[in-house]
Amino acid sequence: MTQTRTIKHHLTDEILAGYSAGQLTEAADLLVAAHLTMCDQCRAMSESFDALGGALLDSDATAFAISPMSESSFAATMALIQTGPVPEMPKKPVKSDLPAPLGDYIGGGVNDIRWSTVGMGVKQSKLVSTSKATARLLLIPAGVAVPHHGHHGQELTLVLKGAFTDETDHFGPGDVEIADEGLEHTPVADTSADCICLAVTDASLKFKTLLPRLIQPFIGI
Amino acid sequence: MIFLKSLELHFCRVSKNKNDPLAIFARNATMIQEFALHAPASLRAMPAPTKVLNPQYKPRHARPVRHSKDHMQWITCLQRIRDTQDQAQFALLFRHFAPRIKGFLMKSGADATLAEETAQEVMATVWQKAHMFDPTRASVSTWIFTIARNRMIDGIRKQRRPEPEDLSWGNQAEPDQADVLSLQQESAQLVDAIKTLPEKQRMLIERAFYGDLSHSEIAAQTGLPLGTIKSRIRLALERLRHAMQ
């Protein structure tokens, strides 16, 4: 899936650094991976933070963490290599009209999403659900306005198809809205097409500028 | 001119940091002054290039590159492993990186036994995936870090790790050496820059990557030269996109 429009709303450096350091939840990792698939600008920043991780690994600054390997470790590793690659999940490319990381979770494209009804034509499909964080796909029918609401937590929303507008701006494919607890808004899907988003609510994302929960009042997140 | 020279020396001495914007500014100011005094009259009439006076400006080749040789050697090492299954080269890589990976994993919460086993698996993956390494997008240590980090997440934290769609350069021809060298120099400079960070800032970054704190502790602007390496990676991504079309 290649970039087809200019993305206006990007991930923050804090989130990208957290992704590189491996400190985010699976739900947030999924949203980041989907956005990076659509946005080379953020992918380059993400790989720069990887470079920081690599520099730290190589640097004397982390000498405190170096831990000697056992004497037999090299032979053990060579034996491991002889037995062939560590068995991985066979990576059959999933055919999807959505970014590849989402295609993997859905097992296909938009038509393979198993929706459940929320109300007012709005549907959802949970992809990751743990005690710490949830990633769900949301479908807002074209032209539908989600009633005005506030947020009790933080939420990241990545637009996948269609677009929506709220008091802050217009969000199209690839854009991420980062909403914090204070945001009260009325998102309205564009009339041209249904809007499909990936929404992540994450208790561990404690940034000052975090995403709003799009329609939590009537999903009961 | 003498004043500027001493200014330059002063900043270099005080900051002990050749990347210090003030030191760079002083160095550039000296260069401009020399140009103004010694350049041919025909050139002297030209206005001084004002952007050189910007303290943020960093001349492309002004910074010493102490470690890029090491970085290039690790690449040769990986290529030998890939092409001739060279065990001696792999032993070099193992001796340097395996104890570092083990330490990283222990800081991330693994006990010594699990960290030892996982570090062996990471090194085995390095051997097996040597053909996937792209030296225009990462240094060897960065590539190994990402493998170790992903094993930390799925093997130790038992969590799935979604990754962006793969853009591996796979079957393409050998990458352009100039691109490789640039990226490896930027990587080497990052290692140097970590050393010169103020202690407090360095510790925040270390802890963020070595498991102790939440990511919110990583200051967005670390004071490290991430902008330059980002531009290089961006170019490499553009070339890949172009090649894939």
# chains A, B, ... in the order shown; residues from 1 in each chain; ligands from 1
$ interface_residues --of "chain B" --to "chain A" --cutoff "6 Å" --atoms "only C-alpha atoms" --output "list in words"
Pro99, Arg100, Lys102, Gly103, Gln120, Ala124, Ser141, Thr142, Phe145, Pro162, Glu163, Pro164, Glu165, Val191, Phe209, His215, Ala220, Lys230, Ile233 and Arg234 of chain B
$ select_by_dssp --residues "chain A" --states "strand (DSSP E or B)" --output "CSV table (one decimal) with N, CA and C atoms, in the first residue's frame"
chain,number,residue,atom,x,y,z
A,116,SER,N,-19.5,-5.5,14.4
A,116,SER,CA,-20.7,-5.6,15.3
A,116,SER,C,-21.3,-4.2,15.4
A,117,THR,N,-22.6,-4.2,15.5
A,117,THR,CA,-23.3,-3.0,15.5
A,117,THR,C,-23.2,-2.2,16.8
A,118,VAL,N,-23.0,-0.9,16.7
A,118,VAL,CA,-22.9,0.0,17.8
A,118,VAL,C,-24.2,0.8,18.0
A,119,GLY,N,-24.7,1.2,16.8
A,119,GLY,CA,-25.9,2.1,16.9
A,119,GLY,C,-25.7,3.2,15.9
A,122,VAL,N,-23.2,3.1,13.1
A,122,VAL,CA,-21.8,2.9,13.4
A,122,VAL,C,-21.6,1.5,13.8
A,123,LYS,N,-20.4,1.0,13.3
A,123,LYS,CA,-20.0,-0.4,13.6
A,123,LYS,C,-18.6,-0.4,14.2
A,124,GLN,N,-18.3,-1.5,14.9
A,124,GLN,CA,-16.9,-1.7,15.4
A,124,GLN,C,-16.4,-3.1,15.2
A,125,SER,N,-15.1,-3.3,15.3
A,125,SER,CA,-14.5,-4.6,15.3
A,125,SER,C,-13.2,-4.6,16.1
A,126,LYS,N,-13.2,-5.3,17.2
A,126,LYS,CA,-12.0,-5.3,18.0
A,126,LYS,C,-10.9,-6.1,17.5
A,127,LEU,N,-9.7,-5.6,17.4
A,127,LEU,CA,-8.6,-6.4,16.9
A,127,LEU,C,-7.7,-6.8,18.0
A,128,VAL,N,-7.5,-5.9,19.0
A,128,VAL,CA,-6.6,-6.2,20.1
A,128,VAL,C,-7.4,-5.7,21.4
A,129,SER,N,-7.5,-6.5,22.4
A,129,SER,CA,-8.1,-6.1,23.6
A,129,SER,C,-7.4,-6.7,24.8
A,133,ALA,N,-5.0,-1.8,26.9
A,133,ALA,CA,-5.3,-1.1,25.7
A,133,ALA,C,-6.2,-1.9,24.8
A,134,THR,N,-6.9,-1.1,23.9
A,134,THR,CA,-7.8,-1.7,23.0
A,134,THR,C,-7.5,-1.1,21.6
A,135,ALA,N,-7.5,-1.9,20.6
A,135,ALA,CA,-7.4,-1.4,19.2
A,135,ALA,C,-8.7,-1.9,18.5
A,136,ARG,N,-9.5,-1.0,18.0
A,136,ARG,CA,-10.7,-1.4,17.3
A,136,ARG,C,-10.9,-0.6,16.0
A,137,LEU,N,-11.4,-1.3,15.0
A,137,LEU,CA,-11.8,-0.6,13.8
A,137,LEU,C,-13.2,0.0,14.0
A,138,LEU,N,-13.4,1.1,13.5
A,138,LEU,CA,-14.7,1.8,13.5
A,138,LEU,C,-15.2,2.2,12.2
A,139,LEU,N,-16.5,2.0,11.9
A,139,LEU,CA,-17.0,2.4,10.7
A,139,LEU,C,-18.1,3.5,11.0
A,140,ILE,N,-17.9,4.7,10.4
A,140,ILE,CA,-18.9,5.7,10.5
A,140,ILE,C,-19.5,5.9,9.1
A,145,ALA,N,-23.0,12.1,11.8
A,145,ALA,CA,-22.3,12.9,12.8
A,145,ALA,C,-22.3,12.1,14.1
A,149,HIS,N,-19.2,14.8,22.3
A,149,HIS,CA,-18.9,14.0,23.4
A,149,HIS,C,-17.5,14.4,23.9
A,155,GLU,N,-6.9,8.7,23.3
A,155,GLU,CA,-7.1,7.9,22.1
A,155,GLU,C,-6.4,8.4,20.9
A,156,LEU,N,-5.9,7.4,20.2
A,156,LEU,CA,-5.3,7.6,18.8
A,156,LEU,C,-6.2,7.1,17.8
A,157,THR,N,-6.5,7.9,16.8
A,157,THR,CA,-7.4,7.5,15.7
A,157,THR,C,-6.7,7.7,14.4
A,158,LEU,N,-6.5,6.6,13.7
A,158,LEU,CA,-5.9,6.6,12.3
A,158,LEU,C,-7.0,6.4,11.3
A,159,VAL,N,-7.1,7.3,10.4
A,159,VAL,CA,-8.1,7.2,9.3
A,159,VAL,C,-7.6,6.2,8.2
A,160,LEU,N,-8.4,5.2,7.9
A,160,LEU,CA,-8.0,4.3,6.8
A,160,LEU,C,-8.7,4.5,5.5
A,161,LYS,N,-10.0,4.7,5.6
A,161,LYS,CA,-10.8,5.0,4.4
A,161,LYS,C,-11.7,6.2,4.7
A,164,PHE,N,-13.1,12.3,8.1
A,164,PHE,CA,-14.0,13.0,9.0
A,164,PHE,C,-13.5,14.3,9.4
A,165,THR,N,-14.4,15.2,9.9
A,165,THR,CA,-14.1,16.5,10.3
A,165,THR,C,-14.6,16.7,11.7
A,170,HIS,N,-9.8,18.6,9.6
A,170,HIS,CA,-10.3,17.5,8.7
A,170,HIS,C,-9.2,16.4,8.7
A,171,PHE,N,-9.7,15.2,8.8
A,171,PHE,CA,-8.7,14.0,8.8
A,171,PHE,C,-9.0,13.0,7.7
A,176,VAL,N,-3.6,10.9,11.6
A,176,VAL,CA,-3.8,10.4,13.0
A,176,VAL,C,-4.3,11.6,13.8
A,177,GLU,N,-5.4,11.4,14.5
A,177,GLU,CA,-5.8,12.4,15.5
A,177,GLU,C,-5.4,11.9,16.9
A,178,ILE,N,-4.7,12.8,17.6
A,178,ILE,CA,-4.3,12.5,18.9
A,178,ILE,C,-5.1,13.3,19.9
A,179,ALA,N,-6.0,12.6,20.6
A,179,ALA,CA,-6.9,13.3,21.5
A,179,ALA,C,-6.6,13.0,22.9
A,185,HIS,N,-15.7,16.9,21.2
A,185,HIS,CA,-15.9,17.2,19.8
A,185,HIS,C,-17.1,16.4,19.1
A,188,VAL,N,-17.7,14.3,12.2
A,188,VAL,CA,-18.7,14.1,11.1
A,188,VAL,C,-18.0,13.4,10.0
A,189,ALA,N,-18.5,12.3,9.5
A,189,ALA,CA,-17.9,11.6,8.4
A,189,ALA,C,-18.2,12.3,7.1
A,195,CYS,N,-16.5,6.2,6.6
A,195,CYS,CA,-15.2,6.5,7.1
A,195,CYS,C,-14.8,5.3,8.0
A,196,ILE,N,-13.7,4.7,7.7
A,196,ILE,CA,-13.2,3.6,8.5
A,196,ILE,C,-11.9,4.0,9.2
A,197,CYS,N,-11.9,3.8,10.5
A,197,CYS,CA,-10.7,4.3,11.3
A,197,CYS,C,-10.2,3.1,12.2
A,198,LEU,N,-9.0,3.2,12.6
A,198,LEU,CA,-8.4,2.4,13.6
A,198,LEU,C,-8.3,3.3,14.9
A,199,ALA,N,-9.0,2.9,16.0
A,199,ALA,CA,-9.0,3.7,17.2
A,199,ALA,C,-8.3,2.9,18.3
A,200,VAL,N,-7.4,3.5,18.9
A,200,VAL,CA,-6.6,2.8,20.0
A,200,VAL,C,-6.8,3.6,21.3
A,201,THR,N,-7.4,3.0,22.3
A,201,THR,CA,-7.4,3.6,23.6
A,201,THR,C,-6.4,2.9,24.5
A,202,ASP,N,-5.6,3.6,25.1
A,202,ASP,CA,-4.4,3.0,25.8
A,202,ASP,C,-4.1,3.7,27.1
$ select_by_dssp --residues "range 18-194 of chain A" --states "helix (DSSP H, G or I)" --output "ChimeraX atom specification"
/A:18-21,26-38,40-58,60-65,73-82,100-106,110-112
$ closest_residue --among "A:Ala163, A:Gln154, A:Ser72, A:Asp112" --to "Asp180 in chain A" --atoms "only C-alpha atoms"
A:Gln154
$ decode --residues "range 79-120 of chain A" --atoms "N, CA and C atoms" --output "PDB file, in the first residue's frame"
ATOM      1  N   ALA A  79      25.272 -24.392  16.682  1.00  0.00           N
ATOM      2  CA  ALA A  79      24.398 -25.572  16.620  1.00  0.00           C
ATOM      3  C   ALA A  79      22.983 -25.146  16.235  1.00  0.00           C
ATOM      4  N   LEU A  80      22.565 -24.019  16.807  1.00  0.00           N
ATOM      5  CA  LEU A  80      21.231 -23.470  16.506  1.00  0.00           C
ATOM      6  C   LEU A  80      21.123 -23.135  15.018  1.00  0.00           C
ATOM      7  N   ILE A  81      22.221 -22.589  14.482  1.00  0.00           N
ATOM      8  CA  ILE A  81      22.232 -22.217  13.062  1.00  0.00           C
ATOM      9  C   ILE A  81      22.157 -23.474  12.186  1.00  0.00           C
ATOM     10  N   GLN A  82      22.876 -24.544  12.630  1.00  0.00           N
ATOM     11  CA  GLN A  82      22.868 -25.796  11.863  1.00  0.00           C
ATOM     12  C   GLN A  82      21.458 -26.385  11.747  1.00  0.00           C
ATOM     13  N   THR A  83      20.664 -26.208  12.810  1.00  0.00           N
ATOM     14  CA  THR A  83      19.330 -26.815  12.790  1.00  0.00           C
ATOM     15  C   THR A  83      18.362 -26.034  11.902  1.00  0.00           C
ATOM     16  N   GLY A  84      18.849 -24.974  11.292  1.00  0.00           N
ATOM     17  CA  GLY A  84      17.994 -24.215  10.373  1.00  0.00           C
ATOM     18  C   GLY A  84      17.307 -23.070  11.075  1.00  0.00           C
ATOM     19  N   PRO A  85      16.636 -22.219  10.289  1.00  0.00           N
ATOM     20  CA  PRO A  85      16.012 -21.024  10.859  1.00  0.00           C
ATOM     21  C   PRO A  85      15.006 -21.369  11.958  1.00  0.00           C
ATOM     22  N   VAL A  86      14.946 -20.499  12.934  1.00  0.00           N
ATOM     23  CA  VAL A  86      13.927 -20.639  13.972  1.00  0.00           C
ATOM     24  C   VAL A  86      12.569 -20.646  13.271  1.00  0.00           C
ATOM     25  N   PRO A  87      11.763 -21.685  13.531  1.00  0.00           N
ATOM     26  CA  PRO A  87      10.487 -21.739  12.805  1.00  0.00           C
ATOM     27  C   PRO A  87       9.639 -20.497  13.063  1.00  0.00           C
ATOM     28  N   GLU A  88       9.247 -19.869  12.000  1.00  0.00           N
ATOM     29  CA  GLU A  88       8.414 -18.672  12.131  1.00  0.00           C
ATOM     30  C   GLU A  88       7.049 -18.993  11.557  1.00  0.00           C
ATOM     31  N   MET A  89       6.091 -18.179  11.921  1.00  0.00           N
ATOM     32  CA  MET A  89       4.783 -18.319  11.292  1.00  0.00           C
ATOM     33  C   MET A  89       4.988 -18.133   9.794  1.00  0.00           C
ATOM     34  N   PRO A  90       4.556 -19.097   8.977  1.00  0.00           N
ATOM     35  CA  PRO A  90       4.728 -18.927   7.536  1.00  0.00           C
ATOM     36  C   PRO A  90       4.055 -17.633   7.099  1.00  0.00           C
ATOM     37  N   LYS A  91       4.853 -16.786   6.454  1.00  0.00           N
ATOM     38  CA  LYS A  91       4.305 -15.464   6.131  1.00  0.00           C
ATOM     39  C   LYS A  91       3.673 -15.458   4.753  1.00  0.00           C
ATOM     40  N   LYS A  92       2.454 -15.928   4.721  1.00  0.00           N
ATOM     41  CA  LYS A  92       1.692 -15.825   3.480  1.00  0.00           C
ATOM     42  C   LYS A  92       1.240 -14.386   3.363  1.00  0.00           C
ATOM     43  N   PRO A  93       1.566 -13.721   2.289  1.00  0.00           N
ATOM     44  CA  PRO A  93       1.081 -12.358   2.172  1.00  0.00           C
ATOM     45  C   PRO A  93      -0.445 -12.349   2.108  1.00  0.00           C
ATOM     46  N   VAL A  94      -1.043 -11.637   3.051  1.00  0.00           N
ATOM     47  CA  VAL A  94      -2.495 -11.529   3.077  1.00  0.00           C
ATOM     48  C   VAL A  94      -2.903 -10.463   2.075  1.00  0.00           C
ATOM     49  N   LYS A  95      -3.830 -10.798   1.228  1.00  0.00           N
ATOM     50  CA  LYS A  95      -4.329  -9.794   0.270  1.00  0.00           C
ATOM     51  C   LYS A  95      -5.246  -8.839   1.005  1.00  0.00           C
ATOM     52  N   SER A  96      -4.886  -7.562   0.970  1.00  0.00           N
ATOM     53  CA  SER A  96      -5.703  -6.615   1.708  1.00  0.00           C
ATOM     54  C   SER A  96      -5.674  -5.250   1.051  1.00  0.00           C
ATOM     55  N   ASP A  97      -6.803  -4.554   1.121  1.00  0.00           N
ATOM     56  CA  ASP A  97      -6.847  -3.171   0.651  1.00  0.00           C
ATOM     57  C   ASP A  97      -6.567  -2.218   1.809  1.00  0.00           C
ATOM     58  N   LEU A  98      -6.146  -2.777   2.936  1.00  0.00           N
ATOM     59  CA  LEU A  98      -5.760  -1.978   4.095  1.00  0.00           C
ATOM     60  C   LEU A  98      -4.263  -2.146   4.311  1.00  0.00           C
ATOM     61  N   PRO A  99      -3.615  -1.266   5.108  1.00  0.00           N
ATOM     62  CA  PRO A  99      -2.173  -1.430   5.361  1.00  0.00           C
ATOM     63  C   PRO A  99      -1.854  -2.845   5.864  1.00  0.00           C
ATOM     64  N   ALA A 100      -0.724  -3.393   5.396  1.00  0.00           N
ATOM     65  CA  ALA A 100      -0.370  -4.794   5.659  1.00  0.00           C
ATOM     66  C   ALA A 100      -0.507  -5.238   7.121  1.00  0.00           C
ATOM     67  N   PRO A 101      -0.048  -4.437   8.107  1.00  0.00           N
ATOM     68  CA  PRO A 101      -0.170  -4.914   9.492  1.00  0.00           C
ATOM     69  C   PRO A 101      -1.631  -5.167   9.879  1.00  0.00           C
ATOM     70  N   LEU A 102      -2.558  -4.361   9.355  1.00  0.00           N
ATOM     71  CA  LEU A 102      -3.979  -4.566   9.650  1.00  0.00           C
ATOM     72  C   LEU A 102      -4.515  -5.775   8.902  1.00  0.00           C
ATOM     73  N   GLY A 103      -4.052  -5.925   7.653  1.00  0.00           N
ATOM     74  CA  GLY A 103      -4.436  -7.107   6.878  1.00  0.00           C
ATOM     75  C   GLY A 103      -4.100  -8.382   7.638  1.00  0.00           C
ATOM     76  N   ASP A 104      -2.937  -8.395   8.315  1.00  0.00           N
ATOM     77  CA  ASP A 104      -2.532  -9.570   9.097  1.00  0.00           C
ATOM     78  C   ASP A 104      -3.501  -9.849  10.240  1.00  0.00           C
ATOM     79  N   TYR A 105      -3.955  -8.783  10.899  1.00  0.00           N
ATOM     80  CA  TYR A 105      -4.851  -8.975  12.053  1.00  0.00           C
ATOM     81  C   TYR A 105      -6.256  -9.358  11.601  1.00  0.00           C
ATOM     82  N   ILE A 106      -6.696  -8.773  10.476  1.00  0.00           N
ATOM     83  CA  ILE A 106      -8.052  -9.039   9.987  1.00  0.00           C
ATOM     84  C   ILE A 106      -8.085 -10.369   9.245  1.00  0.00           C
ATOM     85  N   GLY A 107      -6.945 -10.721   8.633  1.00  0.00           N
ATOM     86  CA  GLY A 107      -6.909 -11.902   7.782  1.00  0.00           C
ATOM     87  C   GLY A 107      -7.508 -11.592   6.419  1.00  0.00           C
ATOM     88  N   GLY A 108      -7.376 -10.355   5.994  1.00  0.00           N
ATOM     89  CA  GLY A 108      -7.911  -9.960   4.695  1.00  0.00           C
ATOM     90  C   GLY A 108      -8.109  -8.470   4.609  1.00  0.00           C
ATOM     91  N   GLY A 109      -9.072  -8.054   3.820  1.00  0.00           N
ATOM     92  CA  GLY A 109      -9.319  -6.629   3.607  1.00  0.00           C
ATOM     93  C   GLY A 109     -10.610  -6.159   4.240  1.00  0.00           C
ATOM     94  N   VAL A 110     -11.074  -5.005   3.768  1.00  0.00           N
ATOM     95  CA  VAL A 110     -12.272  -4.385   4.341  1.00  0.00           C
ATOM     96  C   VAL A 110     -13.470  -5.344   4.347  1.00  0.00           C
ATOM     97  N   ASN A 111     -13.598  -6.119   3.259  1.00  0.00           N
ATOM     98  CA  ASN A 111     -14.756  -7.008   3.165  1.00  0.00           C
ATOM     99  C   ASN A 111     -14.687  -8.191   4.129  1.00  0.00           C
ATOM    100  N   ASP A 112     -13.526  -8.411   4.732  1.00  0.00           N
ATOM    101  CA  ASP A 112     -13.387  -9.531   5.666  1.00  0.00           C
ATOM    102  C   ASP A 112     -13.543  -9.116   7.127  1.00  0.00           C
ATOM    103  N   ILE A 113     -13.760  -7.829   7.365  1.00  0.00           N
ATOM    104  CA  ILE A 113     -13.899  -7.364   8.747  1.00  0.00           C
ATOM    105  C   ILE A 113     -15.224  -7.878   9.313  1.00  0.00           C
ATOM    106  N   ARG A 114     -15.147  -8.432  10.525  1.00  0.00           N
ATOM    107  CA  ARG A 114     -16.366  -8.912  11.183  1.00  0.00           C
ATOM    108  C   ARG A 114     -16.900  -7.804  12.095  1.00  0.00           C
ATOM    109  N   TRP A 115     -17.849  -7.062  11.581  1.00  0.00           N
ATOM    110  CA  TRP A 115     -18.375  -5.907  12.302  1.00  0.00           C
ATOM    111  C   TRP A 115     -19.420  -6.321  13.332  1.00  0.00           C
ATOM    112  N   SER A 116     -19.501  -5.531  14.397  1.00  0.00           N
ATOM    113  CA  SER A 116     -20.672  -5.637  15.266  1.00  0.00           C
ATOM    114  C   SER A 116     -21.286  -4.242  15.360  1.00  0.00           C
ATOM    115  N   THR A 117     -22.587  -4.224  15.520  1.00  0.00           N
ATOM    116  CA  THR A 117     -23.313  -2.960  15.469  1.00  0.00           C
ATOM    117  C   THR A 117     -23.194  -2.210  16.778  1.00  0.00           C
ATOM    118  N   VAL A 118     -23.008  -0.893  16.651  1.00  0.00           N
ATOM    119  CA  VAL A 118     -22.926  -0.048  17.836  1.00  0.00           C
ATOM    120  C   VAL A 118     -24.198   0.793  17.976  1.00  0.00           C
ATOM    121  N   GLY A 119     -24.734   1.237  16.847  1.00  0.00           N
ATOM    122  CA  GLY A 119     -25.915   2.094  16.861  1.00  0.00           C
ATOM    123  C   GLY A 119     -25.735   3.226  15.880  1.00  0.00           C
ATOM    124  N   MET A 120     -26.838   3.762  15.356  1.00  0.00           N
ATOM    125  CA  MET A 120     -26.805   4.862  14.388  1.00  0.00           C
ATOM    126  C   MET A 120     -25.996   4.508  13.150  1.00  0.00           C
TER     127      MET A 120
END
